[in-house]
$ cat entry06.txt   # compact mmCIF, C-alpha atoms
# COMPACT_ATOMS: atom_id res chain seq x y z
CA MET A 1 -6.19 20.57 17.27
CA ARG A 2 -2.95 22.90 20.71
CA LEU A 3 -9.53 20.45 18.26
CA ILE A 4 -4.54 15.80 18.23
CA SER A 5 -1.90 15.57 16.50
CA PRO A 6 3.32 14.61 16.92
CA THR A 7 14.81 16.10 13.46
CA ALA A 8 15.56 12.77 13.55
CA LYS A 9 14.87 12.48 17.25
CA LEU A 10 11.44 14.16 16.96
CA LEU A 11 11.90 17.88 16.66
CA ALA A 12 12.00 19.64 19.95
CA VAL A 13 8.84 19.64 21.93
CA ALA A 14 7.59 22.85 23.43
CA ALA A 15 6.73 22.90 27.10
CA LEU A 16 3.44 24.52 26.18
CA PRO A 17 -0.13 23.78 27.37
CA LEU A 18 -2.68 21.87 25.33
CA ALA A 19 -5.61 24.04 24.47
CA LEU A 20 -8.56 21.75 24.47
CA VAL A 21 -10.23 19.27 26.74
CA ALA A 22 -9.13 15.74 25.89
CA CYS A 23 -11.39 12.72 26.15
CA SER A 24 -10.15 9.30 27.14
CA PRO A 25 -11.93 6.55 25.22
CA ASP A 26 -13.61 5.47 28.45
CA GLY A 27 -15.52 8.75 28.41
CA SER A 28 -13.63 10.68 31.08
CA LYS A 29 -12.19 14.09 30.33
CA ALA A 30 -8.85 15.55 31.24
CA ALA A 31 -8.88 19.23 32.04
CA ALA A 32 -6.67 21.37 29.87
CA PRO A 33 -5.60 25.00 30.04
CA ALA A 34 -7.66 27.57 28.21
CA ALA A 35 -4.83 28.73 25.97
CA SER A 36 -5.03 27.72 22.33
CA SER A 37 -2.09 26.82 20.13
CA PRO A 38 1.52 27.47 21.15
CA ALA A 39 1.43 30.81 19.44
CA ALA A 40 -2.19 31.69 20.14
CA ALA A 41 -1.21 34.01 22.97
CA LYS A 42 1.71 35.57 21.12
CA PRO A 43 1.56 38.84 19.22
CA SER A 44 0.51 38.31 15.63
CA ALA A 45 1.75 40.03 12.51
CA ALA A 46 -0.84 41.61 10.25
CA ALA A 47 -1.85 39.62 7.21
CA ALA A 48 -0.29 40.95 4.03
CA ASP A 49 -0.01 40.01 0.36
CA ASP A 50 3.76 40.15 0.41
CA GLY A 51 6.58 39.04 2.66
CA PRO A 52 7.19 35.52 4.03
CA ASN A 53 3.46 34.79 4.42
CA LYS A 54 2.53 35.57 0.84
CA GLY A 55 0.00 33.09 -0.50
CA LEU A 56 -0.43 31.24 2.81
CA LEU A 57 -3.95 30.53 4.03
CA THR A 58 -5.23 32.58 6.95
CA GLY A 59 -7.09 31.22 9.95
CA THR A 60 -10.35 32.48 8.47
CA GLN A 61 -9.74 30.49 5.30
CA LEU A 62 -8.72 27.42 7.30
CA LYS A 63 -11.87 27.66 9.41
CA ALA A 64 -13.92 27.44 6.23
CA ALA A 65 -12.02 24.27 5.28
CA LEU A 66 -12.87 22.46 8.53
CA ALA A 67 -15.54 19.77 8.32
CA PRO A 68 -18.97 21.33 8.98
CA ALA A 69 -21.46 20.11 11.58
CA THR A 70 -23.35 18.22 8.88
CA PHE A 71 -20.31 15.98 8.37
CA PHE A 72 -20.58 14.43 11.82
CA ALA A 73 -22.96 11.62 12.71
CA GLU A 74 -26.16 12.15 14.64
CA GLY A 75 -25.48 12.68 18.33
CA TYR A 76 -22.35 14.77 17.83
CA ALA A 77 -22.47 18.44 18.76
CA ALA A 78 -19.86 21.15 18.45
CA ASP A 79 -17.96 22.14 21.57
CA PRO A 80 -17.87 25.96 21.29
CA ALA A 81 -15.01 26.23 23.78
CA THR A 82 -12.67 24.37 21.42
CA ALA A 83 -13.27 26.50 18.31
CA ARG A 84 -10.27 28.76 17.66
CA ASP A 85 -8.43 30.26 14.70
CA THR A 86 -5.96 33.02 13.89
CA GLY A 87 -8.48 35.04 11.89
CA ASP A 88 -7.17 37.27 9.12
CA THR A 89 -3.77 37.84 10.71
CA TYR A 90 -0.66 35.68 10.84
CA GLN A 91 1.20 34.77 14.00
CA LEU A 92 4.96 34.59 14.29
CA PRO A 93 6.25 31.03 13.78
CA GLU A 94 8.32 29.47 16.50
CA THR A 95 10.47 26.39 17.04
CA ALA A 96 11.09 25.37 20.64
CA SER A 97 14.04 23.37 21.84
CA VAL A 98 13.19 20.94 24.62
CA PRO A 99 15.18 17.69 24.84
CA THR A 100 12.42 15.29 25.97
CA PRO A 101 8.99 15.13 24.29
CA ASP A 102 5.93 15.37 26.50
CA CYS A 103 4.23 12.16 25.36
CA THR A 104 1.08 12.91 27.35
CA LYS A 105 0.24 15.55 24.75
CA LEU A 106 -0.85 12.69 22.54
CA GLY A 107 -3.89 12.45 24.81
CA GLY A 108 -5.04 15.96 23.89
CA THR A 109 -6.78 17.25 20.81
CA SER A 110 -3.95 19.62 20.03
CA TRP A 111 -1.37 16.89 19.93
CA ILE A 112 0.55 18.53 17.06
CA GLU A 113 2.14 20.73 19.74
CA ILE A 114 4.42 17.82 20.55
CA THR A 115 6.63 18.86 17.61
CA GLY A 116 7.44 22.19 19.27
CA ILE A 117 6.94 23.93 15.91
CA SER A 118 4.18 26.51 15.50
CA GLY A 119 2.97 27.78 12.15
CA VAL A 120 1.71 31.16 11.01
CA SER A 121 -2.00 30.34 11.03
CA PHE A 122 -4.39 27.66 12.26
CA ALA A 123 -8.04 26.73 12.78
CA GLN A 124 -9.48 24.05 15.03
CA ASP A 125 -12.65 22.73 16.64
CA SER A 126 -14.13 19.51 17.98
CA TYR A 127 -17.41 17.61 18.21
CA VAL A 128 -18.48 15.45 21.14
CA ASN A 129 -21.16 12.78 21.45
CA LYS A 130 -22.79 13.48 24.82
CA ASP A 131 -24.16 9.95 25.06
CA SER A 132 -20.95 8.02 24.40
CA SER A 133 -18.43 10.80 25.21
CA SER A 134 -16.68 9.95 21.93
CA GLU A 135 -14.86 12.90 20.42
CA GLN A 136 -13.79 14.00 16.97
CA ALA A 137 -11.32 16.89 16.82
CA GLN A 138 -9.88 18.61 13.76
CA GLU A 139 -7.11 21.12 13.20
CA ILE A 140 -5.23 22.65 10.29
CA ASP A 141 -1.89 24.45 10.71
CA VAL A 142 -0.04 26.39 8.02
CA TYR A 143 3.73 26.85 7.83
CA ARG A 144 6.19 28.87 5.80
CA ASP A 145 8.37 27.43 3.04
CA LYS A 146 8.93 23.67 3.52
CA THR A 147 8.37 23.61 7.27
CA SER A 148 5.21 21.52 6.81
CA GLU A 149 7.43 18.71 5.48
CA THR A 150 9.61 18.93 8.59
CA VAL A 151 6.55 18.85 10.84
CA LEU A 152 5.07 15.78 9.13
CA ALA A 153 8.43 13.99 9.32
CA ALA A 154 8.52 14.67 13.07
CA LEU A 155 4.95 13.44 13.45
CA GLY A 156 5.93 10.27 11.62
CA MET A 157 8.46 9.44 14.35
CA ILE A 158 6.21 9.91 17.36
CA SER A 159 5.93 6.23 18.23
CA LYS A 160 9.73 5.97 18.40
CA ALA A 161 9.97 8.90 20.78
CA CYS A 162 6.79 7.96 22.66
CA PRO A 163 6.19 4.19 22.60
CA SER A 164 3.95 4.64 25.65
CA TYR A 165 2.83 7.09 28.32
CA THR A 166 0.61 7.10 31.42
CA ASP A 167 -2.99 8.28 31.05
CA ALA A 168 -3.69 10.95 33.65
CA ASP A 169 -7.34 9.92 34.08
CA THR A 170 -7.07 6.16 34.49
CA HIS A 171 -3.40 6.03 35.54
CA SER A 172 -2.99 3.19 33.06
CA LYS A 173 -0.31 2.63 30.44
CA VAL A 174 -1.16 3.87 26.95
CA THR A 175 0.56 2.05 24.10
CA VAL A 176 1.40 4.11 21.01
CA THR A 177 1.69 2.49 17.58
CA GLU A 178 2.12 4.19 14.21
CA LYS A 179 2.08 3.46 10.51
CA PRO A 180 2.10 5.40 7.22
CA LEU A 181 -1.31 6.04 5.70
CA GLU A 182 -1.11 5.62 1.95
CA GLY A 183 -2.95 7.80 -0.55
CA VAL A 184 -3.89 10.59 1.84
CA GLY A 185 -2.65 14.07 0.95
CA ASP A 186 1.08 14.57 0.35
CA GLY A 187 1.87 12.01 3.02
CA ALA A 188 0.14 10.84 6.19
CA PHE A 189 0.60 8.84 9.37
CA ALA A 190 -1.93 7.09 11.57
CA ILE A 191 -1.21 6.76 15.29
CA THR A 192 -3.20 4.40 17.49
CA LEU A 193 -3.51 4.79 21.26
CA THR A 194 -4.74 1.85 23.33
CA SER A 195 -4.87 1.13 27.05
CA PRO A 196 -6.23 -1.62 29.30
CA GLY A 197 -7.89 1.15 31.29
CA TRP A 198 -9.98 2.31 28.32
CA LYS A 199 -13.00 1.08 26.47
CA GLY A 200 -12.08 1.26 22.79
CA GLY A 201 -9.20 3.48 21.74
CA THR A 202 -8.09 6.65 19.98
CA THR A 203 -6.67 7.22 16.52
CA LEU A 204 -4.66 10.29 15.55
CA VAL A 205 -3.99 11.06 11.91
CA ALA A 206 -1.62 13.67 10.48
CA SER A 207 -1.50 14.54 6.78
CA ARG A 208 0.31 17.20 4.80
CA VAL A 209 -1.33 19.17 2.02
CA GLY A 210 1.19 21.62 0.56
CA THR A 211 2.11 24.10 3.27
CA SER A 212 -0.65 22.82 5.58
CA VAL A 213 -0.67 19.97 8.08
CA VAL A 214 -4.00 18.41 9.02
CA THR A 215 -4.27 16.69 12.40
CA VAL A 216 -7.32 14.87 13.71
CA LEU A 217 -8.18 12.93 16.85
CA VAL A 218 -11.04 10.44 17.05
CA SER A 219 -11.79 8.59 20.28
CA SER A 220 -14.33 5.78 20.44
CA GLY A 221 -15.66 3.49 23.13
CA THR A 222 -16.51 0.76 20.62
CA ASP A 223 -13.41 0.65 18.39
CA LYS A 224 -10.07 2.39 18.01
CA GLY A 225 -11.45 5.29 15.97
CA ALA A 226 -9.41 4.47 12.84
CA ALA A 227 -12.29 4.60 10.36
CA GLY A 228 -13.61 7.88 11.71
CA ALA A 229 -10.18 9.48 11.81
CA THR A 230 -9.39 8.49 8.23
CA LYS A 231 -12.76 9.75 7.01
CA LEU A 232 -12.34 13.10 8.75
CA THR A 233 -8.78 13.49 7.46
CA ASN A 234 -9.87 12.82 3.89
CA GLN A 235 -12.59 15.45 4.26
CA LEU A 236 -10.04 18.10 5.27
CA VAL A 237 -7.49 17.04 2.66
CA THR A 238 -10.11 17.36 -0.07
CA ALA A 239 -11.11 20.81 1.17
CA LEU A 240 -7.46 21.98 1.04
CA LYS A 241 -6.45 20.56 -2.33
CA GLY A 242 -5.44 23.29 -4.73
CA LYS A 243 -5.56 25.90 -1.97
CA ALA A 244 -2.81 25.09 0.53
$ encode --input "entry06.txt" --output "structure tokens"
Amino acid sequence: MRLISPTAKLLAVAALPLALVACSPDGSKAAAPAASSPAAAKPSAAAADDGPNKGLLTGTQLKAALAPATFFAEGYAADPATARDTGDTYQLPETASVPTPDCTKLGGTSWIEITGISGVSFAQDSYVNKDSSSEQAQEIDVYRDKTSETVLAALGMISKACPSYTDADTHSKVTVTEKPLEGVGDGAFAITLTSPGWKGGTTLVASRVGTSVVTVLVSSGTDKGAAGATKLTNQLVTALKGKA
């Protein structure tokens, strides 16, 4: 998600690059650095059955929980460049301290980076419709102890910290609105991005399942992507139930 995605003032935001290419709802793409999640380039600690990571899902397990290609509608194809995970090892968690959130990260598939908190494992990928340039991105991050609750709380305050930002592609104002999403996982928030420079809009959804946080991004040229984002989130939440 670094395949969307987001402390009372929104926990520090890391000045770290987004990993994936982000699509504006009008079909244009914003180039993003090749690096994956905040911790993707950091040394990782070997997976073990004891210690602080005991019982936490690995990137390999999270990859298996991502929605498969058959989930996506006809016309969508996987973008191989966006598929990343931490494999069978854990990375060192990190919390950055940056006073002002980079609201433009909401325009990227790995928008969860806006919290400045990285977990110990993750998996992500995205699917793009080459005809409409609509995109559906999915990511699952795993955290130690109760950090997932802290992350979701921060994601639930994004619209307060980032009521708007400027889209780099169209140079137009993007309005950010947010609301709780009832009955999804152990808590969820839906964030809607709209702009007069776009056709349609983008919906971001974050949901917690135990120690995991699911983040999705769905952009659409015909609507705001809410239905697709909710459907994809429910797919991932179901896959994680009883495991995360």
$ closest_residue --input "entry06.txt" --among "A:Gln138, A:Tyr90, A:Val151, A:Lys130" --to "A:Ile117" --atoms "only C-alpha atoms"
A:Val151
$ closest_residue --input "entry06.txt" --among "A:Gln136, A:Asn53, A:Thr202, A:Ser148" --to "A:Lys231" --atoms "all atoms listed in the file"
A:Gln136
$ closest_residue --input "entry06.txt" --among "A:Phe122, A:Phe189, A:Trp198, A:Tyr76" --to "A:Thr170" --atoms "all atoms listed in the file"
A:Trp198
$ axis_aligned_box --input "entry06.txt" --around "stretch 61-77 of chain A" --padding-each-side "4 Å" --output "JSON"
{"center_x": -17.4, "center_y": 21.1, "center_z": 12.0, "size_x": 25.4, "size_y": 26.9, "size_z": 21.5}
$ closest_residue --input "entry06.txt" --among "A:Ser212, A:Arg84, A:Phe71, A:Asp79" --to "A:Tyr127" --atoms "all atoms listed in the file"
A:Asp79
$ closest_residue --input "entry06.txt" --among "A:Gly119, A:Gly187, A:Gly59, A:Gly221" --to "A:Thr89" --atoms "all atoms listed in the file"
A:Gly59
$ closest_residue --input "entry06.txt" --among "A:Ala81, A:Ala190, A:Ile114, A:Val142" --to "A:Ala96" --atoms "only C-alpha atoms"
A:Ile114
